[in-house]
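Enquirer: Structure supplied as input-v7.pdb; contents: PDB, C-alpha atoms, pLDDT in the B column.
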ATOM      1  CA  MET U   1      16.883 -15.603  17.189  1.00 77.00           C
ATOM      2  CA  LYS U   2      19.228 -12.843  16.065  1.00 83.00           C
ATOM      3  CA  ASN U   3      17.987 -13.091  12.460  1.00 86.00           C
ATOM      4  CA  PHE U   4      14.371 -12.942  13.597  1.00 89.00           C
ATOM      5  CA  LEU U   5      14.964  -9.791  15.627  1.00 92.00           C
ATOM      6  CA  LEU U   6      16.816  -8.233  12.712  1.00 90.00           C
ATOM      7  CA  ALA U   7      13.862  -9.039  10.423  1.00 90.00           C
ATOM      8  CA  VAL U   8      11.376  -7.535  12.888  1.00 92.00           C
ATOM      9  CA  ILE U   9      13.445  -4.367  13.286  1.00 94.00           C
ATOM     10  CA  THR U  10      13.851  -4.101   9.501  1.00 92.00           C
ATOM     11  CA  PHE U  11      10.100  -4.501   9.026  1.00 94.00           C
ATOM     12  CA  LEU U  12       9.222  -1.911  11.665  1.00 95.00           C
ATOM     13  CA  LEU U  13      11.715   0.664  10.409  1.00 95.00           C
ATOM     14  CA  GLY U  14      10.635   0.093   6.808  1.00 93.00           C
ATOM     15  CA  PHE U  15       6.974   0.394   7.742  1.00 95.00           C
ATOM     16  CA  ILE U  16       7.465   3.596   9.747  1.00 96.00           C
ATOM     17  CA  ILE U  17       9.526   5.240   7.009  1.00 95.00           C
ATOM     18  CA  VAL U  18       7.194   4.280   4.155  1.00 93.00           C
ATOM     19  CA  TYR U  19       3.959   5.090   6.004  1.00 93.00           C
ATOM     20  CA  GLY U  20       5.425   8.379   7.217  1.00 93.00           C
ATOM     21  CA  PHE U  21       6.342   9.248   3.643  1.00 92.00           C
ATOM     22  CA  TYR U  22       2.832   8.387   2.436  1.00 88.00           C
ATOM     23  CA  TYR U  23       1.277  10.325   5.281  1.00 87.00           C
ATOM     24  CA  PHE U  24       3.202  13.541   4.683  1.00 87.00           C
ATOM     25  CA  THR U  25       2.968  13.434   0.873  1.00 84.00           C
ATOM     26  CA  THR U  26      -0.572  12.156   0.327  1.00 80.00           C
ATOM     27  CA  LEU U  27      -2.805  11.915   3.351  1.00 76.00           C
ATOM     28  CA  LYS U  28      -1.979  15.269   4.902  1.00 74.00           C
ATOM     29  CA  LYS U  29      -2.882  17.046   1.638  1.00 73.00           C
ATOM     30  CA  LEU U  30      -6.182  15.170   1.333  1.00 72.00           C
ATOM     31  CA  LYS U  31      -7.119  15.819   4.957  1.00 70.00           C
ATOM     32  CA  LYS U  32      -7.114  19.579   4.379  1.00 67.00           C
ATOM     33  CA  LYS U  33      -9.412  19.491   1.328  1.00 66.00           C
ATOM     34  CA  ARG U  34     -13.165  19.612   1.722  1.00 63.00           C
ATOM     35  CA  SER U  35     -14.087  17.943  -1.550  1.00 64.00           C
ATOM     36  CA  ILE U  36     -11.801  15.410  -3.167  1.00 67.00           C
ATOM     37  CA  THR U  37     -11.828  15.116  -6.955  1.00 68.00           C
ATOM     38  CA  LYS U  38     -10.285  12.497  -9.212  1.00 67.00           C
ATOM     39  CA  LYS U  39      -7.224  14.730  -9.665  1.00 71.00           C
ATOM     40  CA  ASP U  40      -6.552  14.773  -5.914  1.00 70.00           C
ATOM     41  CA  ILE U  41      -6.301  11.033  -5.270  1.00 75.00           C
ATOM     42  CA  ASN U  42      -2.982   9.220  -5.555  1.00 78.00           C
ATOM     43  CA  VAL U  43      -1.913   6.747  -8.218  1.00 80.00           C
ATOM     44  CA  GLU U  44      -2.547   3.691  -6.066  1.00 81.00           C
ATOM     45  CA  ALA U  45      -6.164   4.710  -5.476  1.00 82.00           C
ATOM     46  CA  LYS U  46      -6.614   5.330  -9.212  1.00 82.00           C
ATOM     47  CA  LEU U  47      -5.227   1.838  -9.862  1.00 83.00           C
ATOM     48  CA  PHE U  48      -7.572   0.347  -7.253  1.00 85.00           C
ATOM     49  CA  ILE U  49     -10.580   2.165  -8.708  1.00 83.00           C
ATOM     50  CA  GLY U  50      -9.635   1.175 -12.256  1.00 82.00           C
ATOM     51  CA  LEU U  51      -9.019  -2.494 -11.443  1.00 82.00           C
ATOM     52  CA  ASN U  52     -12.341  -2.913  -9.687  1.00 83.00           C
ATOM     53  CA  ASN U  53     -14.616  -0.585 -11.724  1.00 83.00           C
ATOM     54  CA  ILE U  54     -15.622   1.507  -8.723  1.00 81.00           C
ATOM     55  CA  ASP U  55     -17.757   4.627  -8.932  1.00 78.00           C
ATOM     56  CA  MET U  56     -15.961   7.500  -7.179  1.00 76.00           C
ATOM     57  CA  SER U  57     -19.186   8.919  -5.777  1.00 77.00           C
ATOM     58  CA  THR U  58     -19.918   5.783  -3.726  1.00 78.00           C
ATOM     59  CA  ILE U  59     -16.679   5.655  -1.768  1.00 79.00           C
ATOM     60  CA  ASN U  60     -14.978   7.853   0.799  1.00 79.00           C
ATOM     61  CA  CYS U  61     -11.736   8.762  -0.993  1.00 79.00           C
ATOM     62  CA  TYR U  62      -9.847   9.783   2.146  1.00 79.00           C
ATOM     63  CA  LYS U  63     -10.521   6.468   3.894  1.00 85.00           C
ATOM     64  CA  LEU U  64      -9.660   4.592   0.700  1.00 85.00           C
ATOM     65  CA  ASN U  65      -6.341   6.426   0.374  1.00 84.00           C
ATOM     66  CA  LYS U  66      -5.572   5.881   4.062  1.00 88.00           C
ATOM     67  CA  THR U  67      -6.210   2.141   3.808  1.00 90.00           C
ATOM     68  CA  LEU U  68      -4.257   1.763   0.580  1.00 90.00           C
ATOM     69  CA  CYS U  69      -1.312   3.667   2.060  1.00 90.00           C
ATOM     70  CA  LEU U  70      -1.365   1.300   5.033  1.00 93.00           C
ATOM     71  CA  PHE U  71      -1.422  -1.740   2.710  1.00 94.00           C
ATOM     72  CA  ASN U  72       1.388  -0.316   0.592  1.00 92.00           C
ATOM     73  CA  ALA U  73       3.556   0.400   3.627  1.00 94.00           C
ATOM     74  CA  ILE U  74       3.084  -3.159   4.920  1.00 95.00           C
ATOM     75  CA  ILE U  75       3.819  -4.683   1.506  1.00 95.00           C
ATOM     76  CA  ILE U  76       6.949  -2.601   0.951  1.00 94.00           C
ATOM     77  CA  ALA U  77       8.232  -3.364   4.465  1.00 95.00           C
ATOM     78  CA  LEU U  78       7.578  -7.082   3.916  1.00 94.00           C
ATOM     79  CA  SER U  79       9.387  -6.981   0.581  1.00 94.00           C
ATOM     80  CA  LEU U  80      12.335  -5.397   2.348  1.00 92.00           C
ATOM     81  CA  VAL U  81      12.422  -8.324   4.776  1.00 93.00           C
ATOM     82  CA  VAL U  82      11.872 -10.968   2.066  1.00 92.00           C
ATOM     83  CA  SER U  83      14.606  -9.539  -0.140  1.00 90.00           C
ATOM     84  CA  THR U  84      17.180 -10.102   2.607  1.00 87.00           C
ATOM     85  CA  ILE U  85      17.142 -13.817   1.756  1.00 85.00           C
ATOM     86  CA  THR U  86      20.047 -13.424  -0.637  1.00 85.00           C
ATOM     87  CA  ASP U  87      23.202 -11.341  -0.784  1.00 87.00           C
ATOM     88  CA  VAL U  88      23.204 -10.745  -4.551  1.00 91.00           C
ATOM     89  CA  LEU U  89      21.989  -7.206  -5.216  1.00 90.00           C
ATOM     90  CA  ILE U  90      20.257  -7.880  -8.548  1.00 93.00           C
ATOM     91  CA  LEU U  91      18.477 -10.912  -7.105  1.00 92.00           C
ATOM     92  CA  LYS U  92      17.333  -8.839  -4.106  1.00 91.00           C
ATOM     93  CA  PHE U  93      15.898  -6.255  -6.484  1.00 92.00           C
ATOM     94  CA  LEU U  94      14.087  -8.859  -8.584  1.00 93.00           C
ATOM     95  CA  ILE U  95      12.651 -10.644  -5.543  1.00 92.00           C
ATOM     96  CA  ALA U  96      11.393  -7.371  -4.063  1.00 92.00           C
ATOM     97  CA  LEU U  97       9.916  -6.220  -7.380  1.00 93.00           C
ATOM     98  CA  VAL U  98       8.026  -9.451  -8.028  1.00 94.00           C
ATOM     99  CA  PHE U  99       6.865  -9.638  -4.406  1.00 94.00           C
ATOM    100  CA  ILE U 100       5.555  -6.070  -4.462  1.00 94.00           C
ATOM    101  CA  PHE U 101       3.572  -6.474  -7.684  1.00 93.00           C
ATOM    102  CA  VAL U 102       2.051  -9.817  -6.707  1.00 94.00           C
ATOM    103  CA  MET U 103       1.130  -8.657  -3.214  1.00 94.00           C
ATOM    104  CA  LEU U 104      -0.332  -5.352  -4.449  1.00 91.00           C
ATOM    105  CA  TYR U 105      -2.546  -7.137  -6.955  1.00 90.00           C
ATOM    106  CA  PHE U 106      -3.858  -9.708  -4.482  1.00 93.00           C
ATOM    107  CA  THR U 107      -4.241  -7.224  -1.633  1.00 93.00           C
ATOM    108  CA  TYR U 108      -6.220  -4.806  -3.799  1.00 90.00           C
ATOM    109  CA  LYS U 109      -8.459  -7.617  -5.068  1.00 91.00           C
ATOM    110  CA  LEU U 110      -9.116  -8.895  -1.536  1.00 93.00           C
ATOM    111  CA  TYR U 111      -9.856  -5.389  -0.272  1.00 92.00           C
ATOM    112  CA  ALA U 112     -12.295  -4.831  -3.147  1.00 90.00           C
ATOM    113  CA  LYS U 113     -14.052  -8.099  -2.281  1.00 91.00           C
ATOM    114  CA  TYR U 114     -14.261  -6.983   1.338  1.00 91.00           C
ATOM    115  CA  LEU U 115     -15.753  -3.607   0.371  1.00 88.00           C
ATOM    116  CA  LYS U 116     -18.262  -5.246  -1.981  1.00 87.00           C
ATOM    117  CA  LYS U 117     -19.262  -7.730   0.721  1.00 90.00           C
ATOM    118  CA  LYS U 118     -19.834  -4.888   3.176  1.00 84.00           C
ATOM    119  CA  GLY U 119     -21.854  -3.018   0.545  1.00 81.00           C
ATOM    120  CA  LYS U 120     -19.611   0.056   0.507  1.00 72.00           C
ATOM    121  CA  ILE U 121     -18.989  -0.091  -3.246  1.00 72.00           C
TER     122      ILE U 121
END
Please rewrite the model in this file as structure tokens.

Expert:
Amino acid sequence: MKNFLLAVITFLLGFIIVYGFYYFTTLKKLKKKRSITKKDINVEAKLFIGLNNIDMSTINCYKLNKTLCLFNAIIIALSLVVSTITDVLILKFLIALVFIFVMLYFTYKLYAKYLKKKGKI
């Protein structure tokens, strides 16, 4: 029970810190702009658009960035929890790195399928 509570607290703190960082560095800047160009979007959104061949004119860039920041915060917080499996520092780093890349790829693909199914892209 103690380990479970520690994992939940680690996840919540990691999520709040990462999402807060994304919010103050990316989303707050985009919220102030009236028109968003390709230069204004973050790297994750560019990766999402490039992976799925999306036309920028068909999608709301602010909502896309907000959703991707939420996904990224959840994935990074989960990788923080998953990497606590071992005590070896290098192994923790490798587990977190592999987990982040795999989860980002699959999450972005699933989100693109969802948007295509809804007809938004």

Enquirer: Measuring between all atoms listed in the file, which one of U:Leu5, U:Ile41, U:Cys69, U:Ile49 shows the shortest distance to Gly20 of chain U?

Expert: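 Ranked by minimum distance to Gly20 of chain U, first place goes to U:Cys69.
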
Enquirer: Can you measure atom CA of Thr107 of chain U to atom CA of Phe71 of chain U for me? One decimal in Å is fine.

Expert: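 That distance, rounded to one decimal, is 7.5 Å.
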
Enquirer: Go ahead and fit an axis-aligned box to every listed atom of segment 48-61 of chain U plus 6 Å each side, and pass me the centre and edge lengths in Å, one decimal, as lines of an AutoDock Vina configuration file.

Expert:
center_x = -13.7
center_y = 3.0
center_z = -5.7
size_x = 24.3
size_y = 23.8
size_z = 25.1

Enquirer: Run through the PyMOL selection byres ((chain U and resi 27) around 12) on the given coordinates and return the selected residues as a count of residues only.

Expert: 29

Enquirer: Which value, in Å to one decimal, gives the distance between atom CA of Ile17 of chain U and atom CA of Met56 of chain U?

Expert: 29.3 Å

Enquirer: Rank nothing, just name the residue among U:Tyr108, U:Phe93, U:Phe4, U:Phe11 nearest to Phe48 of chain U, using all atoms listed in the file.

Expert: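 Closest to Phe48 of chain U of all the choices is U:Tyr108.
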
Enquirer: Check the smallest atom-to-atom distance from each of U:Ala73, U:Val43, U:Val82, U:Ala112 to Val18 of chain U using only C-alpha atoms, then report the winner.

Expert: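 Residue with the minimum atom-to-atom distance to Val18 of chain U: U:Ala73.
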
Enquirer: Of the candidates U:Ile54, U:Leu89, U:Leu110, U:Ala96, which shows the shortest atom-to-atom distance to Ile76 of chain U, using all atoms listed in the file?

Expert: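 Looking only at the distances to Ile76 of chain U, the closest residue turns out to be U:Ala96.
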
Enquirer: When you draw a straight line from atom CA of Asn3 of chain U to atom CA of Ile90 of chain U, how long is it in Å?

Expert: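 That distance, rounded to one decimal, is 21.8 Å.
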
Enquirer: From the set U:Tyr114, U:Phe101, U:Phe15, U:Phe106, which residue has the shortest atom-to-atom contact distance to Leu78 of chain U, counting only C-alpha atoms?

Expert: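 Using only C-alpha atoms, the shortest distance to Leu78 of chain U belongs to U:Phe15.
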
Enquirer: Measuring between all atoms listed in the file, which one of U:Ile121, U:Val81, U:Val88, U:Leu94 shows the shortest distance to Leu12 of chain U?

Expert: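 Ranked by minimum distance to Leu12 of chain U, first place goes to U:Val81.
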
Enquirer: Supply segment 38-64 of chain U as an mmCIF file, in the coordinates of the input, with N, CA and C atoms built in where the input has gaps.

Expert:
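Output contents, as saved in result_39.cif:
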data_model
loop_
_atom_site.group_PDB
_atom_site.id
_atom_site.type_symbol
_atom_site.label_atom_id
_atom_site.label_comp_id
_atom_site.auth_asym_id
_atom_site.auth_seq_id
_atom_site.Cartn_x
_atom_site.Cartn_y
_atom_site.Cartn_z
ATOM 1 N N LYS U 38 -11.103 13.568 -8.663
ATOM 2 C CA LYS U 38 -10.285 12.497 -9.212
ATOM 3 C C LYS U 38 -8.827 12.929 -9.361
ATOM 4 N N LYS U 39 -8.592 14.224 -9.548
ATOM 5 C CA LYS U 39 -7.224 14.730 -9.665
ATOM 6 C C LYS U 39 -6.471 14.623 -8.343
ATOM 7 N N ASP U 40 -7.183 14.704 -7.233
ATOM 8 C CA ASP U 40 -6.552 14.773 -5.914
ATOM 9 C C ASP U 40 -6.086 13.423 -5.367
ATOM 10 N N ILE U 41 -6.669 12.334 -5.840
ATOM 11 C CA ILE U 41 -6.301 11.033 -5.270
ATOM 12 C C ILE U 41 -4.974 10.551 -5.852
ATOM 13 N N ASN U 42 -4.296 9.683 -5.116
ATOM 14 C CA ASN U 42 -2.982 9.220 -5.555
ATOM 15 C C ASN U 42 -3.091 8.105 -6.588
ATOM 16 N N VAL U 43 -1.960 7.715 -7.127
ATOM 17 C CA VAL U 43 -1.913 6.747 -8.218
ATOM 18 C C VAL U 43 -2.419 5.381 -7.773
ATOM 19 N N GLU U 44 -2.106 4.995 -6.557
ATOM 20 C CA GLU U 44 -2.547 3.691 -6.066
ATOM 21 C C GLU U 44 -4.068 3.611 -5.985
ATOM 22 N N ALA U 45 -4.704 4.690 -5.549
ATOM 23 C CA ALA U 45 -6.164 4.710 -5.476
ATOM 24 C C ALA U 45 -6.772 4.680 -6.884
ATOM 25 N N LYS U 46 -6.133 5.378 -7.820
ATOM 26 C CA LYS U 46 -6.614 5.330 -9.212
ATOM 27 C C LYS U 46 -6.496 3.913 -9.762
ATOM 28 N N LEU U 47 -5.402 3.228 -9.438
ATOM 29 C CA LEU U 47 -5.227 1.838 -9.862
ATOM 30 C C LEU U 47 -6.298 0.953 -9.231
ATOM 31 N N PHE U 48 -6.556 1.130 -7.952
ATOM 32 C CA PHE U 48 -7.572 0.347 -7.253
ATOM 33 C C PHE U 48 -8.951 0.580 -7.865
ATOM 34 N N ILE U 49 -9.276 1.826 -8.126
ATOM 35 C CA ILE U 49 -10.580 2.165 -8.708
ATOM 36 C C ILE U 49 -10.701 1.604 -10.118
ATOM 37 N N GLY U 50 -9.613 1.688 -10.894
ATOM 38 C CA GLY U 50 -9.635 1.175 -12.256
ATOM 39 C C GLY U 50 -9.712 -0.339 -12.321
ATOM 40 N N LEU U 51 -9.008 -1.026 -11.444
ATOM 41 C CA LEU U 51 -9.019 -2.494 -11.443
ATOM 42 C C LEU U 51 -10.381 -3.064 -11.076
ATOM 43 N N ASN U 52 -11.107 -2.362 -10.230
ATOM 44 C CA ASN U 52 -12.341 -2.913 -9.687
ATOM 45 C C ASN U 52 -13.604 -2.207 -10.167
ATOM 46 N N ASN U 53 -13.474 -1.304 -11.135
ATOM 47 C CA ASN U 53 -14.616 -0.585 -11.724
ATOM 48 C C ASN U 53 -15.510 0.031 -10.639
ATOM 49 N N ILE U 54 -14.924 0.892 -9.838
ATOM 50 C CA ILE U 54 -15.622 1.507 -8.723
ATOM 51 C C ILE U 54 -16.046 2.917 -9.105
ATOM 52 N N ASP U 55 -17.269 3.271 -8.724
ATOM 53 C CA ASP U 55 -17.757 4.627 -8.932
ATOM 54 C C ASP U 55 -17.219 5.506 -7.807
ATOM 55 N N MET U 56 -16.593 6.618 -8.168
ATOM 56 C CA MET U 56 -15.961 7.500 -7.179
ATOM 57 C C MET U 56 -16.975 8.118 -6.214
ATOM 58 N N SER U 57 -18.207 8.259 -6.633
ATOM 59 C CA SER U 57 -19.186 8.919 -5.777
ATOM 60 C C SER U 57 -19.669 8.014 -4.632
ATOM 61 N N THR U 58 -19.420 6.707 -4.740
ATOM 62 C CA THR U 58 -19.918 5.783 -3.726
ATOM 63 C C THR U 58 -18.921 5.495 -2.615
ATOM 64 N N ILE U 59 -17.719 6.024 -2.733
ATOM 65 C CA ILE U 59 -16.679 5.655 -1.768
ATOM 66 C C ILE U 59 -16.060 6.898 -1.140
ATOM 67 N N ASN U 60 -15.666 6.784 0.100
ATOM 68 C CA ASN U 60 -14.978 7.853 0.799
ATOM 69 C C ASN U 60 -13.507 7.814 0.376
ATOM 70 N N CYS U 61 -13.078 8.786 -0.410
ATOM 71 C CA CYS U 61 -11.736 8.762 -0.993
ATOM 72 C C CYS U 61 -10.639 8.888 0.053
ATOM 73 N N TYR U 62 -10.877 9.640 1.112
ATOM 74 C CA TYR U 62 -9.847 9.783 2.146
ATOM 75 C C TYR U 62 -9.598 8.461 2.857
ATOM 76 N N LYS U 63 -10.678 7.763 3.227
ATOM 77 C CA LYS U 63 -10.521 6.468 3.894
ATOM 78 C C LYS U 63 -9.882 5.446 2.960
ATOM 79 N N LEU U 64 -10.255 5.499 1.679
ATOM 80 C CA LEU U 64 -9.660 4.592 0.700
ATOM 81 C C LEU U 64 -8.163 4.844 0.591
#
